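Since the structure comes first, as structure tokens, the remarks are kept for the end.
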Amino acid sequence: MFQRKNYDKASKIYNEYLLRFPNGHLAAEALMKTGLINSTLGKNGEARKIYQGLIAEFPGSLLVLDARVEILTTFFNEGNYEEVIRQATGVLKSTASRVHTLRTYMLLGDSYMASGSPLDAADCYLMAYKYAEDQEKEGIIYKIESAANEVDAVAMISLLTRFEDRLPAGDLVCRLGLSKIEGEKYEDAVSLLTWFIERFPGHKRKQQAENLIQEINEKFTFKHYTLGCLLPLSGPYQIFGDKILKCIKLALAQYNSQSNHLQIRMIVKDTESDPDQAALAVKELSEERVGAIIGPLTAHALEAAALEAQEKRIPIITLSQKDNTTEIGDYVFRNFITPKMQVEAIVSYAIDVLGLSRFAILYPDDEYGTSFMALFQDKVMAYGGDVVAIEPYDPDQTDFEEPIKNLVKFKNEIPEYPKNKEARSTFKQPKPIIDFEAIFIPDGPKTSGLIIPQLAFYDIVDVNLLGTNLWHSDRLIEMAKQFVQGAIMVDGFFAESDSQKVKDFVGMFEETFSEKPGFIEAVAYDSAMMLFQLISRSDIQSRSELKDEIMNFLSFKGVTGITSFDNNGNVYKELYLLKIIGDKFVELKNHSAIFSNVRLRQAQKRKFLYH
């Protein structure tokens, strides 16, 4: 019945035997089988009591050793790994049987693995290998490999050195090296394969190991403290490349002077804003074995560089708001303020903090304006608000009477403005009916500076003015003066922020370059500092691990605010909210509370995406 797995009938028969012959010569075996049945059925506590009874009643039985090992099994089945580890030592001391010793070491190894101690597990599996017969060894080697994948190479080599005379060490180490490659732990793989070559110079797999080491060094591992940088240092965008390079050099000097580690080396390549040159530069940086790359900046070089970086498995943090860049692959990241981020911030503030619900959009009929218009409309609707009026205008026009009047309603037809001078003195412009509380104008300071006074001329007053980061310009205040007071906009950086981190950065930048930094300099500085921290960590061995750590940055606190990346490589950034008061831009003091809402929504979205 037991062999047929008819456990109910088997139990009844065993129990009947034990009732009739409690001291019979098969009583210990009946107890053992009853314990195994209970353990198989998940009744581990009951099984343990039976095994303990067997040991107490029949201490001289050959089955006592089996019972002690099976007690360990019941604890393992219950997930009580600490008890397995505690009792296993006693079992090993009391048994001279090969089978019992082998099983105990395997249980002990499995318990250490389940407890998160792979080095101890590997030690136990290696001990088990000593007692294994040929048909059992392959399964144990598989266990050794599983544990070794969680252990650094130095510790594993130390273990293997201890057991070298008991193992097919050459083949095993070679297999472990291949496992490390599959797990993208390339430096560990190189260490193991190098040890293998030195220890077994005549082994048949020596050439394979040498080839693997060469391939890993060429493609996957990186020189610690070495970064690459791609910038347009010649051509039409040189001015922007020079600005970013200034900031990266500033970050490099600051980081190297404040840290006790080796000096970070930055290798800079000129993309010339040319796709072919950008791709070639990435290949050259790959040969230099850089850990990661900052840049490029221009759309011309961006895609080519990102494609090559993905091919070479080099993490690259681009400094562009170009859409779809990160879709190239999981090694491509983007750290730049985007239209979507700006709209999220401004709408969240307008609705959650100001309590507004009705909006108008006046936008230029070009790619920039159309994109912001669509994003703003969608986000307002998502937050439960209404866009009650949308009006485009020609980007080249300077008189905005028609689009402005199209935004509002009038009680009567608008009379023609009199040509007679005397009639003009008594002419009254009809008052508009304004059914929105805020107007969003996604345009630059020059055009917005023309529109805003004209809004007031047509009596569109006492409404909130909302804009993009392009509004963060002194020219807007100079042009619109009193009409732009109270206007609100977002930006990725604010040099006059009360943040001590920003003050220190701005002071250092002004002292070095005699000018104030802008967003592009600040975001380059943050990107560099972020990567400096990562490539200085000794526990990050490969570019794949470096890529994962960039992804895992949840709250890097930089001068452009709190920065993290989503699982697609796009940046989440806590933007600055600014308001015009007098002739200055003022940071809204309660913006951190506002962004807790934004972060909450983002976190919820990220959690949903992960699930």
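By order of appearance in the structure tokens: chains A, B, ..., then residues from 1 within every chain, and ligands from 1 in the order shown.
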* Using DSSP on the backbone coordinates, identify all residues within segment 156-298 of chain A classified as strand (DSSP E); present the result as a VMD selection string. => chain A and resid 226 to 231 265 to 270 293 to 294
* Quick one: residues within 10 Å of Lys143 of chain A, only C-alpha atoms counted, chain neighbours fewer than 5 positions away excluded, as number ranges by chain? -> A: 106, 109-110, 113, 121-122, 125-126, 137-138, 148
All residues 10 Å or closer to Phe336 of chain A, only C-alpha atoms, same chain fewer than 2 positions away omitted, as a PDB file with N, CA and C atoms, in the first residue's frame:
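part.pdb written:
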ATOM      1  N   ILE A 317      23.346  58.381 -20.299  1.00  0.00           N
ATOM      2  CA  ILE A 317      22.352  59.351 -19.823  1.00  0.00           C
ATOM      3  C   ILE A 317      22.354  60.525 -20.791  1.00  0.00           C
ATOM      4  N   THR A 318      21.324  60.603 -21.614  1.00  0.00           N
ATOM      5  CA  THR A 318      21.246  61.664 -22.612  1.00  0.00           C
ATOM      6  C   THR A 318      20.692  62.943 -21.994  1.00  0.00           C
ATOM      7  N   LEU A 319      21.068  64.065 -22.581  1.00  0.00           N
ATOM      8  CA  LEU A 319      20.656  65.376 -22.077  1.00  0.00           C
ATOM      9  C   LEU A 319      19.810  66.057 -23.141  1.00  0.00           C
ATOM     10  N   SER A 320      18.659  65.474 -23.413  1.00  0.00           N
ATOM     11  CA  SER A 320      17.783  65.996 -24.452  1.00  0.00           C
ATOM     12  C   SER A 320      16.343  65.663 -24.101  1.00  0.00           C
ATOM     13  N   GLN A 321      15.404  66.524 -24.525  1.00  0.00           N
ATOM     14  CA  GLN A 321      14.000  66.222 -24.286  1.00  0.00           C
ATOM     15  C   GLN A 321      13.363  65.483 -25.462  1.00  0.00           C
ATOM     16  N   LYS A 322      14.188  65.044 -26.406  1.00  0.00           N
ATOM     17  CA  LYS A 322      13.675  64.315 -27.570  1.00  0.00           C
ATOM     18  C   LYS A 322      12.892  63.087 -27.129  1.00  0.00           C
ATOM     19  N   PHE A 333      19.067  56.215 -20.951  1.00  0.00           N
ATOM     20  CA  PHE A 333      18.333  57.024 -19.990  1.00  0.00           C
ATOM     21  C   PHE A 333      18.262  58.470 -20.488  1.00  0.00           C
ATOM     22  N   ARG A 334      17.292  59.197 -19.967  1.00  0.00           N
ATOM     23  CA  ARG A 334      17.144  60.604 -20.351  1.00  0.00           C
ATOM     24  C   ARG A 334      16.958  61.443 -19.095  1.00  0.00           C
ATOM     25  N   THR A 338      10.953  67.675 -19.519  1.00  0.00           N
ATOM     26  CA  THR A 338      10.140  67.378 -20.694  1.00  0.00           C
ATOM     27  C   THR A 338       8.801  68.118 -20.627  1.00  0.00           C
ATOM     28  N   PRO A 339       8.134  68.297 -21.766  1.00  0.00           N
ATOM     29  CA  PRO A 339       6.811  68.925 -21.752  1.00  0.00           C
ATOM     30  C   PRO A 339       5.830  68.218 -20.815  1.00  0.00           C
ATOM     31  N   MET A 341       6.422  66.549 -18.066  1.00  0.00           N
ATOM     32  CA  MET A 341       6.731  66.879 -16.676  1.00  0.00           C
ATOM     33  C   MET A 341       6.253  68.281 -16.321  1.00  0.00           C
ATOM     34  N   GLY A 492      13.193  73.589 -14.494  1.00  0.00           N
ATOM     35  CA  GLY A 492      13.963  72.497 -13.912  1.00  0.00           C
ATOM     36  C   GLY A 492      15.046  72.963 -12.981  1.00  0.00           C
ATOM     37  N   PHE A 519      19.623  75.923 -16.518  1.00  0.00           N
ATOM     38  CA  PHE A 519      19.179  74.542 -16.349  1.00  0.00           C
ATOM     39  C   PHE A 519      20.113  73.563 -17.032  1.00  0.00           C
ATOM     40  N   ILE A 520      20.583  73.874 -18.221  1.00  0.00           N
ATOM     41  CA  ILE A 520      21.380  72.914 -18.979  1.00  0.00           C
ATOM     42  C   ILE A 520      22.690  72.609 -18.254  1.00  0.00           C
ATOM     43  N   VAL A 523      21.665  70.459 -14.964  1.00  0.00           N
ATOM     44  CA  VAL A 523      21.305  69.063 -15.192  1.00  0.00           C
ATOM     45  C   VAL A 523      22.538  68.253 -15.605  1.00  0.00           C
ATOM     46  N   ALA A 524      23.487  68.878 -16.289  1.00  0.00           N
ATOM     47  CA  ALA A 524      24.734  68.188 -16.616  1.00  0.00           C
ATOM     48  C   ALA A 524      25.533  67.922 -15.345  1.00  0.00           C
ATOM     49  N   SER A 527      23.851  65.024 -13.480  1.00  0.00           N
ATOM     50  CA  SER A 527      24.086  63.746 -14.152  1.00  0.00           C
ATOM     51  C   SER A 527      25.496  63.239 -13.866  1.00  0.00           C
ATOM     52  N   THR A 560      18.984  70.218  -9.443  1.00  0.00           N
ATOM     53  CA  THR A 560      17.753  70.310 -10.240  1.00  0.00           C
ATOM     54  C   THR A 560      16.590  69.617  -9.538  1.00  0.00           C
ATOM     55  N   ASN A 570      13.120  56.953 -18.392  1.00  0.00           N
ATOM     56  CA  ASN A 570      12.778  58.371 -18.402  1.00  0.00           C
ATOM     57  C   ASN A 570      12.873  58.943 -16.992  1.00  0.00           C
ATOM     58  N   VAL A 571      13.207  60.217 -16.915  1.00  0.00           N
ATOM     59  CA  VAL A 571      13.454  60.840 -15.618  1.00  0.00           C
ATOM     60  C   VAL A 571      12.154  61.287 -14.959  1.00  0.00           C
ATOM     61  N   TYR A 572      12.116  61.142 -13.634  1.00  0.00           N
ATOM     62  CA  TYR A 572      11.119  61.818 -12.794  1.00  0.00           C
ATOM     63  C   TYR A 572      11.882  62.908 -12.063  1.00  0.00           C
ATOM     64  N   LYS A 573      11.427  64.136 -12.184  1.00  0.00           N
ATOM     65  CA  LYS A 573      12.165  65.237 -11.570  1.00  0.00           C
ATOM     66  C   LYS A 573      11.203  66.157 -10.828  1.00  0.00           C
TER      67      LYS A 573
END
* Asked: Do you know which residues are at most 12 Å from segment 14-26 of chain A counting only C-alpha atoms, after dropping those on the same chain fewer than 5 positions away, and could you put them as a ChimeraX atom specification?
  -> /A:1-2,7-9,31-37,50,53-54,57-58,60-63
* To do: Mind giving me the straight-line distance from atom CA of Ile314 of chain A to atom CA of Arg175 of chain A in Å, one decimal?
  =>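 If I compute the distance from atom CA of Ile314 of chain A to atom CA of Arg175 of chain A, I get 25.9 Å.
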* Write out as a PyMOL selection string which residues come within 12 Å of Met156 of chain A when counting only C-alpha atoms, dropping same-chain ones fewer than 2 positions away. => chain A and resi 118-123+126+144-145+147-154+158-164+169+172-173+176-177+180+188-189+191-193+195
* Skipping near chain neighbours, those fewer than 4 positions away, what residues fall within 12 Å of Ile351 of chain A using only C-alpha atoms, listed as a PyMOL selection string? -> chain A and resi 343-347+355-359+379-386+437-438+464+594+597-598
* Select, from A:Leu178, A:Glu82, A:Asp435, A:Leu227, the residue with the minimum atom-to-atom distance to Asn211 of chain A, counting only C-alpha atoms. => A:Leu178
